[in-house]
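One structure below.
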Amino acid sequence: MQPQMQGMPHVARPANMMSFMDATKSCLQQYVGFSGRASRSEYWFAYLSFMVAVIGMFTLTFVSLFVVEALATLMGLLTFGLYIGALLPLLAVSVRRLHDLGKSGWMMLLVFVPFVGGILLLVWFVSDGQAHDNQYGAVPTNTL
């Protein structure tokens, strides 16, 4: 149980984590939604779905190298398209995750600070969000 904040009413975090499919749908539906908050499960499942798609595309590209070289080129272009297409949704869910921690989305710029920035962002992304409403919105409900 989380301690009650000074002067803040206690609002519990969601009891259940968001499912893999719901997190993927939420990320894609809010592909440019930089406002609001995202729970840990929404953030990590969104990134997991992206990684599954990338590994699948790389596997298909590798297999197609042995079949037809032109098919491998096409698969490489599709993989590049996946990266470009996922850039905004993954950035948006990252900003919403920072909002859940009470931090500004501009903190994502820490990724450009060598070593320290990435580690700090990773620590924040695995941390539990604020258990109360903050300036970025209400506590995520983990439902669509």
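FYI, nothing fancy with the structure tokens labels: chains A, B, ... in order, residues from 1 per chain, ligands from 1 as they appear.
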
Next on the checklist: What's around Gly56 of chain A at 12 Å? Count only C-alpha atoms, leave out sequence neighbours fewer than 3 positions away in its own chain, and write the answer as a ChimeraX atom specification.
Outcome noted: /A:49-53,59-63,75-76,78-79,82

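Checking A:Met57, A:Ile84, A:Val111, A:Leu98 one by one against Tyr43 of chain A, counting only C-alpha atoms, you find the shortest gap at A:Leu98.
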
Checklist entry - Which residues come within 12 Å of Val32 of chain A, counting only C-alpha atoms, excluding same-chain residues fewer than 3 positions away, as a list of chain:residue names? => result A:Ser26, A:Cys27, A:Leu28, A:Gln29, A:Ser35, A:Gly36, A:Gly85, A:Ala86, A:Leu87, A:Leu88, A:Pro89, A:Leu90, A:Leu91, A:Ala92, A:Val93, A:Ser94, A:Val95, A:Arg96

Next on the checklist: Set the distance at 9 Å and use only C-alpha atoms: which residues neighbour Gly129 of chain A once local chain neighbours fewer than 4 positions away are removed? I'd like the list as a ChimeraX atom specification.
Outcome noted: /A:13,38-40,97-102,124-125,139

Quick one: write out the picked residues with C-alpha atoms as a short mmCIF file (atom, residue, chain, number, x, y, z; two decimals), in the first residue's frame?
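And here's out01.cif as it stands now:
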```cif
data_model
loop_
_atom_site.label_atom_id
_atom_site.label_comp_id
_atom_site.auth_asym_id
_atom_site.auth_seq_id
_atom_site.Cartn_x
_atom_site.Cartn_y
_atom_site.Cartn_z
CA ARG A 13 -3.44 3.04 -8.70
CA ALA A 38 0.08 6.29 -19.37
CA SER A 39 0.55 3.50 -16.86
CA ARG A 40 3.63 1.31 -16.71
CA ARG A 97 4.47 7.87 -19.11
CA LEU A 98 6.59 10.81 -17.92
CA HIS A 99 3.35 12.70 -17.22
CA ASP A 100 2.24 9.80 -15.00
CA LEU A 101 5.36 10.41 -12.94
CA GLY A 102 4.58 14.14 -12.70
CA TRP A 124 11.75 6.66 -14.36
CA PHE A 125 9.94 4.39 -16.81
CA VAL A 139 -4.70 8.41 -12.62
#
```

Item to check | Gap from atom CA of Ser19 of chain A to atom CA of Thr143 of chain A - Å, one decimal | outcome: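 Computing the Euclidean distance for atom CA of Ser19 of chain A and atom CA of Thr143 of chain A yields 8.8 Å.
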
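Going from atom CA of Leu120 of chain A to atom CA of Met108 of chain A covers 10.2 Å.
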
Checklist entry - Suppose you want the space between atom CA of Arg37 of chain A and atom CA of Ala23 of chain A; what is it in Å? => result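 Answer for the atom CA of Arg37 of chain A to atom CA of Ala23 of chain A separation: 12.7 Å.
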